[in-house]
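Below is protein_9.tsv, which holds TSV, C-alpha atoms.
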chain	number	residue	atom	x	y	z
A	29	MET	CA	0.00	0.00	0.00
A	30	PRO	CA	2.76	2.48	-0.43
A	31	LEU	CA	1.97	6.01	-1.47
A	32	VAL	CA	4.78	7.76	-3.28
A	33	GLN	CA	4.63	11.55	-3.57
A	34	ILE	CA	7.27	13.08	-5.82
A	35	THR	CA	7.88	16.83	-5.71
A	36	MET	CA	9.98	18.13	-8.60
A	37	LEU	CA	10.41	21.02	-10.97
A	38	THR	CA	7.99	21.32	-13.88
A	39	GLY	CA	9.24	20.29	-17.30
A	40	ARG	CA	9.23	16.50	-17.31
A	41	THR	CA	7.27	14.90	-20.14
A	42	ALA	CA	4.47	12.38	-19.76
A	43	ASP	CA	6.85	9.76	-21.06
A	44	GLN	CA	9.38	10.51	-18.32
A	45	LYS	CA	6.64	10.21	-15.71
A	46	ARG	CA	5.45	6.98	-17.30
A	47	LYS	CA	8.90	5.44	-17.00
A	48	LEU	CA	9.31	6.69	-13.44
A	49	ALA	CA	5.93	5.22	-12.49
A	50	THR	CA	6.88	1.85	-13.93
A	51	ARG	CA	10.30	1.65	-12.32
A	52	ILE	CA	9.27	2.94	-8.91
A	53	THR	CA	6.25	0.63	-8.78
A	54	ASP	CA	8.44	-2.32	-9.77
A	55	ALA	CA	10.83	-1.42	-6.96
A	56	MET	CA	8.04	-1.21	-4.39
A	57	VAL	CA	6.69	-4.60	-5.45
A	58	GLU	CA	10.03	-6.39	-5.72
A	59	GLU	CA	11.86	-4.89	-2.74
A	60	ALA	CA	9.08	-4.04	-0.29
A	61	GLY	CA	6.54	-6.75	-0.99
A	62	ALA	CA	3.82	-4.29	-1.97
A	63	ARG	CA	0.84	-5.40	-4.00
A	64	ARG	CA	1.14	-3.75	-7.42
A	65	GLU	CA	-2.48	-2.56	-7.38
A	66	ALA	CA	-1.90	-0.77	-4.09
A	67	VAL	CA	1.03	1.38	-5.20
A	68	VAL	CA	-0.01	4.96	-5.93
A	69	ILE	CA	2.40	7.58	-7.26
A	70	THR	CA	1.70	11.29	-7.54
A	71	PHE	CA	3.85	14.00	-9.08
A	72	LEU	CA	3.65	17.51	-7.62
A	73	GLU	CA	5.36	19.89	-10.01
A	74	VAL	CA	6.53	23.32	-8.94
A	75	GLU	CA	8.02	26.28	-10.77
A	76	ARG	CA	11.64	27.34	-10.33
A	77	GLU	CA	10.58	30.20	-8.11
A	78	SER	CA	8.84	27.73	-5.79
A	79	TYR	CA	11.80	25.50	-5.05
A	80	ALA	CA	14.84	26.52	-3.00
A	81	SER	CA	17.92	24.72	-1.86
A	82	ALA	CA	20.61	26.13	0.42
A	83	GLY	CA	18.35	29.16	0.84
A	84	VAL	CA	18.37	30.12	-2.85
A	85	LEU	CA	15.45	29.82	-5.26
A	86	MET	CA	16.16	27.65	-8.30
A	87	ALA	CA	15.04	30.65	-10.36
A	88	ASP	CA	18.03	32.58	-9.02
A	89	LYS	CA	20.68	29.91	-9.61
A	90	GLY	CA	22.94	30.02	-12.61
A	91	LYS	CA	22.37	33.71	-13.08
B	19	MET	CA	-5.84	20.86	15.00
B	20	PRO	CA	-6.06	18.40	12.21
B	21	LEU	CA	-4.62	19.24	8.83
B	22	VAL	CA	-6.22	17.37	5.97
B	23	GLN	CA	-4.38	17.29	2.64
B	24	ILE	CA	-6.33	15.77	-0.23
B	25	THR	CA	-4.54	14.83	-3.45
B	26	MET	CA	-6.87	14.11	-6.34
B	27	LEU	CA	-7.27	14.51	-10.09
B	28	THR	CA	-8.26	17.92	-11.40
B	29	GLY	CA	-11.84	18.40	-12.48
B	30	ARG	CA	-13.86	18.75	-9.29
B	31	THR	CA	-15.98	21.89	-9.06
B	32	ALA	CA	-15.85	24.46	-6.29
B	33	ASP	CA	-19.20	23.15	-5.11
B	34	GLN	CA	-17.83	19.63	-4.76
B	35	LYS	CA	-14.90	20.95	-2.72
B	36	ARG	CA	-17.30	23.01	-0.62
B	37	LYS	CA	-19.32	19.92	0.28
B	38	LEU	CA	-16.19	17.87	0.97
B	39	ALA	CA	-14.84	20.61	3.23
B	40	THR	CA	-18.08	20.71	5.19
B	41	ARG	CA	-18.45	16.98	5.64
B	42	ILE	CA	-14.81	16.27	6.44
B	43	THR	CA	-14.67	19.13	8.94
B	44	ASP	CA	-17.87	17.87	10.58
B	45	ALA	CA	-16.32	14.41	10.85
B	46	MET	CA	-13.13	15.76	12.44
B	47	VAL	CA	-15.15	17.75	14.99
B	48	GLU	CA	-17.68	15.05	15.82
B	49	GLU	CA	-15.46	11.96	15.77
B	50	ALA	CA	-12.04	13.28	16.77
B	51	GLY	CA	-12.93	16.12	19.11
B	52	ALA	CA	-11.20	18.75	16.97
B	53	ARG	CA	-12.06	22.42	17.37
B	54	ARG	CA	-13.83	23.51	14.18
B	55	GLU	CA	-11.67	26.61	13.79
B	56	ALA	CA	-8.54	24.48	13.85
B	57	VAL	CA	-9.44	22.16	10.99
B	58	VAL	CA	-7.65	23.07	7.77
B	59	ILE	CA	-8.27	21.27	4.49
B	60	THR	CA	-6.23	21.68	1.33
B	61	PHE	CA	-6.82	20.18	-2.11
B	62	LEU	CA	-3.81	19.39	-4.29
B	63	GLU	CA	-5.05	18.69	-7.79
B	64	VAL	CA	-2.95	16.88	-10.35
B	65	GLU	CA	-3.36	16.08	-14.01
B	66	ARG	CA	-3.99	12.56	-15.28
B	67	GLU	CA	-0.39	12.27	-16.39
B	68	SER	CA	0.76	13.02	-12.84
B	69	TYR	CA	-1.11	10.25	-11.07
B	70	ALA	CA	-0.33	6.56	-11.39
B	71	SER	CA	-1.71	3.45	-9.79
B	72	ALA	CA	-0.42	-0.09	-10.27
B	73	GLY	CA	2.42	1.47	-12.23
B	74	VAL	CA	0.20	2.99	-14.94
B	75	LEU	CA	-0.53	6.70	-15.43
B	76	MET	CA	-4.22	7.60	-15.25
B	77	ALA	CA	-3.69	9.22	-18.65
B	78	ASP	CA	-2.92	5.78	-20.09
B	79	LYS	CA	-5.87	3.95	-18.58
B	80	GLY	CA	-8.98	3.21	-20.57
B	81	LYS	CA	-7.11	3.63	-23.82
C	13	MET	CA	-8.39	8.10	-6.53
C	14	PRO	CA	-8.16	10.59	-3.76
C	15	LEU	CA	-5.41	10.32	-1.20
C	16	VAL	CA	-6.23	11.87	2.14
C	17	GLN	CA	-3.36	12.60	4.53
C	18	ILE	CA	-4.42	13.71	8.00
C	19	THR	CA	-1.86	15.24	10.34
C	20	MET	CA	-3.04	15.49	13.94
C	21	LEU	CA	-1.89	15.19	17.53
C	22	THR	CA	-1.39	11.71	18.96
C	23	GLY	CA	-4.06	10.38	21.27
C	24	ARG	CA	-6.96	9.36	19.06
C	25	THR	CA	-8.13	5.77	19.48
C	26	ALA	CA	-8.39	3.19	16.73
C	27	ASP	CA	-12.15	3.53	16.96
C	28	GLN	CA	-11.97	7.25	16.31
C	29	LYS	CA	-9.78	6.63	13.26
C	30	ARG	CA	-12.18	3.92	12.11
C	31	LYS	CA	-15.10	6.32	12.18
C	32	LEU	CA	-13.11	9.07	10.48
C	33	ALA	CA	-12.06	6.65	7.73
C	34	THR	CA	-15.65	5.63	7.13
C	35	ARG	CA	-17.10	9.12	7.05
C	36	ILE	CA	-14.34	10.69	4.97
C	37	THR	CA	-14.42	7.85	2.46
C	38	ASP	CA	-18.21	8.15	2.20
C	39	ALA	CA	-17.82	11.88	1.55
C	40	MET	CA	-15.23	11.31	-1.19
C	41	VAL	CA	-17.46	8.75	-2.89
C	42	GLU	CA	-20.73	10.66	-2.56
C	43	GLU	CA	-19.53	14.21	-3.20
C	44	ALA	CA	-16.51	13.77	-5.47
C	45	GLY	CA	-17.45	10.68	-7.45
C	46	ALA	CA	-14.44	8.69	-6.26
C	47	ARG	CA	-14.40	4.92	-6.48
C	48	ARG	CA	-14.53	3.58	-2.92
C	49	GLU	CA	-11.64	1.15	-3.54
C	50	ALA	CA	-9.43	4.01	-4.66
C	51	VAL	CA	-9.75	6.17	-1.54
C	52	VAL	CA	-6.72	5.92	0.72
C	53	ILE	CA	-6.49	7.67	4.08
C	54	THR	CA	-3.39	7.96	6.22
C	55	PHE	CA	-3.02	9.42	9.69
C	56	LEU	CA	0.28	11.06	10.63
C	57	GLU	CA	0.31	11.60	14.37
C	58	VAL	CA	2.69	14.03	16.04
C	59	GLU	CA	3.48	14.89	19.63
C	60	ARG	CA	2.47	18.18	21.22
C	61	GLU	CA	6.03	19.46	20.92
C	62	SER	CA	5.92	18.84	17.16
C	63	TYR	CA	2.86	20.93	16.36
C	64	ALA	CA	2.73	24.72	16.55
C	65	SER	CA	0.08	27.28	15.74
C	66	ALA	CA	0.51	31.03	15.87
C	67	GLY	CA	4.19	30.39	16.55
C	68	VAL	CA	3.61	28.47	19.80
C	69	LEU	CA	4.11	24.74	20.35
C	70	MET	CA	0.98	22.91	21.52
C	71	ALA	CA	3.15	21.66	24.40
C	72	ASP	CA	3.48	25.25	25.61
C	73	LYS	CA	-0.18	26.19	25.40
C	74	GLY	CA	-2.44	26.17	28.42
C	75	LYS	CA	0.50	26.44	30.76
D	8	MET	CA	18.66	17.64	5.95
D	9	PRO	CA	15.36	19.26	6.66
D	10	LEU	CA	12.72	19.39	3.97
D	11	VAL	CA	10.29	22.26	4.37
D	12	GLN	CA	7.00	22.08	2.45
D	13	ILE	CA	4.90	25.23	2.59
D	14	THR	CA	1.28	25.11	1.44
D	15	MET	CA	-0.28	28.54	0.96
D	16	LEU	CA	-2.67	30.50	-1.21
D	17	THR	CA	-1.42	31.66	-4.60
D	18	GLY	CA	-0.48	35.28	-4.97
D	19	ARG	CA	2.91	35.64	-3.30
D	20	THR	CA	5.64	37.16	-5.49
D	21	ALA	CA	8.98	35.59	-6.27
D	22	ASP	CA	10.55	38.17	-4.02
D	23	GLN	CA	8.39	37.14	-1.08
D	24	LYS	CA	9.36	33.51	-1.65
D	25	ARG	CA	13.01	34.53	-1.91
D	26	LYS	CA	12.90	36.22	1.48
D	27	LEU	CA	11.03	33.32	3.04
D	28	ALA	CA	13.58	30.87	1.66
D	29	THR	CA	16.42	32.89	3.11
D	30	ARG	CA	14.93	33.36	6.55
D	31	ILE	CA	13.64	29.82	6.96
D	32	THR	CA	16.94	28.33	5.80
D	33	ASP	CA	18.82	30.59	8.22
D	34	ALA	CA	16.54	29.39	11.03
D	35	MET	CA	17.11	25.72	10.17
D	36	VAL	CA	20.89	26.24	10.13
D	37	GLU	CA	21.13	28.38	13.24
D	38	GLU	CA	18.55	26.68	15.46
D	39	ALA	CA	18.54	23.08	14.29
D	40	GLY	CA	22.14	22.58	13.23
D	41	ALA	CA	21.23	21.75	9.64
D	42	ARG	CA	23.81	22.00	6.89
D	43	ARG	CA	22.78	24.88	4.63
D	44	GLU	CA	23.22	22.83	1.45
D	45	ALA	CA	20.83	20.21	2.78
D	46	VAL	CA	17.87	22.49	3.42
D	47	VAL	CA	15.23	22.23	0.70
D	48	ILE	CA	12.10	24.39	0.65
D	49	THR	CA	9.12	23.91	-1.64
D	50	PHE	CA	6.05	26.09	-2.02
D	51	LEU	CA	2.77	24.43	-2.97
D	52	GLU	CA	0.31	27.14	-3.96
D	53	VAL	CA	-3.42	26.53	-4.05
D	54	GLU	CA	-6.38	28.60	-5.19
D	55	ARG	CA	-8.91	30.04	-2.76
D	56	GLU	CA	-11.39	27.34	-3.67
D	57	SER	CA	-8.84	24.69	-2.69
D	58	TYR	CA	-8.21	25.83	0.87
D	59	ALA	CA	-10.72	25.61	3.70
D	60	SER	CA	-10.59	26.44	7.37
D	61	ALA	CA	-13.35	25.81	9.88
D	62	GLY	CA	-15.16	23.99	7.10
D	63	VAL	CA	-15.42	27.02	4.82
D	64	LEU	CA	-13.54	27.55	1.54
D	65	MET	CA	-11.40	30.68	1.48
D	66	ALA	CA	-13.30	31.56	-1.71
D	67	ASP	CA	-16.49	31.82	0.34
D	68	LYS	CA	-15.10	33.96	3.16
D	69	GLY	CA	-15.65	37.70	3.26
D	70	LYS	CA	-18.60	37.44	0.95
E	22	MET	CA	15.99	18.01	-7.23
E	23	PRO	CA	13.21	15.57	-6.71
E	24	LEU	CA	11.90	14.90	-3.23
E	25	VAL	CA	10.32	11.50	-2.82
E	26	GLN	CA	8.09	10.93	0.20
E	27	ILE	CA	6.97	7.34	0.70
E	28	THR	CA	4.14	6.56	3.12
E	29	MET	CA	3.82	2.89	3.98
E	30	LEU	CA	3.03	0.49	6.79
E	31	THR	CA	5.69	-0.13	9.40
E	32	GLY	CA	7.61	-3.38	9.19
E	33	ARG	CA	10.09	-2.94	6.37
E	34	THR	CA	13.71	-3.58	7.29
E	35	ALA	CA	16.59	-1.17	6.84
E	36	ASP	CA	17.81	-3.37	4.03
E	37	GLN	CA	14.52	-3.08	2.18
E	38	LYS	CA	14.66	0.71	2.51
E	39	ARG	CA	18.28	0.68	1.35
E	40	LYS	CA	17.34	-1.15	-1.83
E	41	LEU	CA	14.33	1.09	-2.44
E	42	ALA	CA	16.50	4.18	-1.99
E	43	THR	CA	19.01	2.88	-4.50
E	44	ARG	CA	16.51	1.88	-7.16
E	45	ILE	CA	14.29	4.95	-6.86
E	46	THR	CA	17.28	7.28	-6.95
E	47	ASP	CA	18.63	5.47	-10.01
E	48	ALA	CA	15.24	5.89	-11.71
E	49	MET	CA	15.12	9.61	-10.93
E	50	VAL	CA	18.63	10.10	-12.33
E	51	GLU	CA	18.24	7.94	-15.42
E	52	GLU	CA	14.66	8.78	-16.41
E	53	ALA	CA	14.17	12.33	-15.14
E	54	GLY	CA	17.64	13.79	-15.48
E	55	ALA	CA	17.96	14.55	-11.78
E	56	ARG	CA	21.35	15.12	-10.21
E	57	ARG	CA	22.02	12.17	-7.88
E	58	GLU	CA	23.09	14.42	-5.00
E	59	ALA	CA	19.78	16.28	-5.20
E	60	VAL	CA	17.49	13.27	-4.80
E	61	VAL	CA	16.08	12.99	-1.28
E	62	ILE	CA	13.88	10.11	-0.17
E	63	THR	CA	11.97	9.91	3.09
E	64	PHE	CA	9.94	7.04	4.48
E	65	LEU	CA	6.94	7.83	6.67
E	66	GLU	CA	5.82	4.65	8.36
E	67	VAL	CA	2.39	4.27	9.90
E	68	GLU	CA	0.70	1.58	11.96
E	69	ARG	CA	-2.09	-0.60	10.58
E	70	GLU	CA	-4.66	1.42	12.49
E	71	SER	CA	-3.43	4.60	10.75
E	72	TYR	CA	-3.90	3.47	7.17
E	73	ALA	CA	-7.27	2.88	5.52
E	74	SER	CA	-8.31	1.93	2.02
E	75	ALA	CA	-11.89	1.69	0.75
E	76	GLY	CA	-12.93	3.12	4.11
E	77	VAL	CA	-11.51	0.24	6.17
E	78	LEU	CA	-8.48	0.39	8.46
E	79	MET	CA	-5.73	-2.08	7.55
E	80	ALA	CA	-6.00	-3.25	11.17
E	81	ASP	CA	-9.55	-4.43	10.45
E	82	LYS	CA	-8.82	-6.27	7.22
E	83	GLY	CA	-8.38	-10.01	7.12
E	84	LYS	CA	-10.24	-10.40	10.38
F	8	MET	CA	-2.92	30.50	6.18
F	9	PRO	CA	0.35	28.88	5.44
F	10	LEU	CA	0.94	25.32	6.53
F	11	VAL	CA	4.57	24.46	7.07
F	12	GLN	CA	5.51	20.77	7.20
F	13	ILE	CA	9.10	20.09	8.20
F	14	THR	CA	10.57	16.62	7.69
F	15	MET	CA	13.85	16.07	9.50
F	16	LEU	CA	15.86	13.49	11.39
F	17	THR	CA	14.88	12.76	14.97
F	18	GLY	CA	17.00	14.23	17.71
F	19	ARG	CA	16.02	17.88	17.93
F	20	THR	CA	14.93	19.08	21.37
F	21	ALA	CA	11.64	20.77	22.18
F	22	ASP	CA	13.57	23.98	22.63
F	23	GLN	CA	14.98	23.77	19.12
F	24	LYS	CA	11.50	23.21	17.74
F	25	ARG	CA	10.19	26.11	19.83
F	26	LYS	CA	12.76	28.47	18.32
F	27	LEU	CA	12.11	27.19	14.81
F	28	ALA	CA	8.36	27.67	15.27
F	29	THR	CA	8.90	31.24	16.43
F	30	ARG	CA	11.27	32.25	13.68
F	31	ILE	CA	9.41	30.56	10.83
F	32	THR	CA	6.08	32.00	11.97
F	33	ASP	CA	7.65	35.46	12.21
F	34	ALA	CA	8.97	35.07	8.66
F	35	MET	CA	5.56	33.99	7.32
F	36	VAL	CA	3.89	36.99	8.98
F	37	GLU	CA	6.50	39.58	8.07
F	38	GLU	CA	7.40	38.46	4.55
F	39	ALA	CA	4.22	36.80	3.27
F	40	GLY	CA	1.52	38.80	5.02
F	41	ALA	CA	0.11	35.77	6.82
F	42	ARG	CA	-2.08	36.17	9.88
F	43	ARG	CA	-0.11	34.85	12.85
F	44	GLU	CA	-3.04	32.75	14.11
F	45	ALA	CA	-3.29	31.01	10.75
F	46	VAL	CA	0.30	29.73	10.58
F	47	VAL	CA	0.57	26.05	11.46
F	48	ILE	CA	3.89	24.22	11.66
F	49	THR	CA	4.32	20.47	11.99
F	50	PHE	CA	7.51	18.49	12.46
F	51	LEU	CA	7.68	14.98	11.01
F	52	GLU	CA	10.72	13.26	12.45
F	53	VAL	CA	12.24	10.19	10.85
F	54	GLU	CA	15.01	7.80	11.83
F	55	ARG	CA	18.34	7.69	10.02
F	56	GLU	CA	17.31	4.55	8.19
F	57	SER	CA	14.25	6.37	6.83
F	58	TYR	CA	16.03	9.24	5.15
F	59	ALA	CA	18.24	8.94	2.08
F	60	SER	CA	20.09	11.41	-0.06
F	61	ALA	CA	21.99	10.63	-3.24
F	62	GLY	CA	20.61	7.12	-2.93
F	63	VAL	CA	22.25	6.39	0.43
F	64	LEU	CA	20.48	6.04	3.78
F	65	MET	CA	21.69	8.47	6.43
F	66	ALA	CA	22.23	5.38	8.59
F	67	ASP	CA	24.89	4.23	6.11
F	68	LYS	CA	26.78	7.51	5.82
F	69	GLY	CA	29.94	8.14	7.74
F	70	LYS	CA	30.56	4.44	8.20

Would you give me this structure, written as C-alpha cells?
Amino acid sequence: MPLVQITMLTGRTADQKRKLATRITDAMVEEAGARREAVVITFLEVERESYASAGVLMADKGK
Amino acid sequence: MPLVQITMLTGRTADQKRKLATRITDAMVEEAGARREAVVITFLEVERESYASAGVLMADKGK
Amino acid sequence: MPLVQITMLTGRTADQKRKLATRITDAMVEEAGARREAVVITFLEVERESYASAGVLMADKGK
Amino acid sequence: MPLVQITMLTGRTADQKRKLATRITDAMVEEAGARREAVVITFLEVERESYASAGVLMADKGK
Amino acid sequence: MPLVQITMLTGRTADQKRKLATRITDAMVEEAGARREAVVITFLEVERESYASAGVLMADKGK
Amino acid sequence: MPLVQITMLTGRTADQKRKLATRITDAMVEEAGARREAVVITFLEVERESYASAGVLMADKGK
C-alpha cells in the first residue's frame, strides 16, 4: 500500500513520468513486498521560483 | 488541530470541494474532538499524467 | 483516486480513526465521485512538541 | 537535511518567496544545526477554492 | 531536485529501505535527469490502524 | 494561512522546535503577510534509516 509523492520542478514529459511510475512501482513490489495494485504515485510539479535549496530559489541559480 | 491534505485529479468543481470541506470538517469535529476553527483542508489537484496506480498513469488507462 | 493525509496530535483511538475513515471515504465517494476502492487515508500523528500554531508549540499552550 | 513544504494561497511574489527561503533556511541552520546545502524548501500554492478552514472555503469567506 | 516521500506500513527492514532508496534514486537520475546528489527520499511509516483503504483500516482487514 | 511541514531526522529538542516555530512563523507573517493565528507548523521526524540522499540512507553515511 505504499503512497509515493514526488515533488519536482515542472518540465518533465508524460513519457518521463510513465517510466518513473513503472520503475518505482516495480521497486516497491520487488523490494518491499507491496501489492502492485496498491502502489499509488503522484507527481507535484513546482516552478523554479517555488523551489529553493541552500536558501536560494532555483530561479536565481545560474544567473 | 487536524490538517487534511487531499490529493486528487483535477476536475472537481468548487461546489464539490465546498461539500467535501463541510463533511470532512464535521467528521473531524464530531469523531475526533477537533475544534472547528482548527481544521484546515487543502486540495492538491494533479493532471492525469501526474497520477499513477499499479504502475500505470491515469492518462494511459482506458485507452 | 483521492489520497487523504491527515496530520493530527497523537491520542486518538483506533475507533476514532475507524469512524473518520468511514465518514471521509463516504464523503469522497458521494460528493466527489471517487471509487470507494481508490480512496486511501493515512493518519500522521505528532506529539504536542511537534505541532505549533501562531508560533507556539501545543506543548506550551495552556500552561 | 530538513525538507520544508509550505502550502499557501497563490499570490505571493517571487521576491516574497526569496525572502522566506532565506529566513527559513537561516533558522534551520542556526537553530537546528542543519547543513545549509541540505535544506530544501518547496512552495505548494493553491487557489482560494482549494483551501478551507473551519469547514469554509477561502473563496467563500468575506462574501 | 526531486523529493520522494513514501508513506507505507511499518515493518520494512533497513535493508529493504536501502534497496528502495538505490533503485528509486537510479530511476530519478536515469529517467528524469535529476542530479544524484539532489534526490532525497523519506519514508513515513504508519501503523495498521493509521492506514485505511476503501474506508476500512488495515487493522480491520483479514479479520 | 500557510501550513509548514518540516521533515527532519529525529534528535532535535523541544527547545529547538520552539525556536524554529517562532522564527518561521515570524517570517511567514512579516514576509508573506500571513495572519499569525493562521500559521501552522508540523515536524515529522524520521530515523536515520528512513532518510536517504543521493541514494544512500543516512544510517549508512559516515561508516

Q) Closest to chain F among B:Leu75, B:Ala39, B:Ile59, B:Ala32, using all atoms listed in the file? A)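 The answer is B:Ile59, which sits nearest to chain F.
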
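Within 12 Å of C:Ala44, once all atoms listed in the file are used and residues closer than 4 positions along the same chain are dropped, the contacting residues are Ile24, Met26, Leu27, Thr28, Gly29, Arg30, Thr31, Ala32, Asp33, Gln34, Lys35, Arg36, Lys37, Leu38, Ala39 and Arg41 of chain B; Met13, Pro14, Ile36, Thr37, Asp38, Ala39, Met40, Arg48 and Val51 of chain C.
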
Q.
Residues near C:Glu49, anyone? I mean within 10 Å using all atoms listed in the file, not counting same-chain ones fewer than 6 positions away, as a list of chain:residue names.
A.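 My reading of the contact set: A:Ala66, C:Met13, C:Thr37, C:Val41, E:Ser74, E:Ala75, E:Gly76, E:Val77.
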
Write out the residues from the selection above, keeping C-alpha atoms, as a compact mmCIF listing (two decimals), in the frame of the given file.
# COMPACT_ATOMS: atom_id res chain seq x y z
CA ALA A 66 -1.90 -0.77 -4.09
CA MET C 13 -8.39 8.10 -6.53
CA THR C 37 -14.42 7.85 2.46
CA VAL C 41 -17.46 8.75 -2.89
CA SER E 74 -8.31 1.93 2.02
CA ALA E 75 -11.89 1.69 0.75
CA GLY E 76 -12.93 3.12 4.11
CA VAL E 77 -11.51 0.24 6.17

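Here atom CA of B:Thr60 stands at a distance of 23.0 Å from atom CA of F:Glu37.
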
Just need the box for stretch 8-13 of chain D, edges along x, y and z, holding every atom the file lists for it with 3 Å tacked onto each side, so centre and edge lengths in Å to one decimal, as JSON.
{"center_x": 11.8, "center_y": 21.4, "center_z": 4.6, "size_x": 19.8, "size_y": 13.6, "size_z": 10.2}

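Put simply, atom CA of E:Val61 is 5.7 Å away from atom CA of F:Ala59.
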
Q | Point-to-point distance from atom CA of D:Tyr58 to atom CA of D:Gln12, Å rounded to tenths | A | 15.7 Å
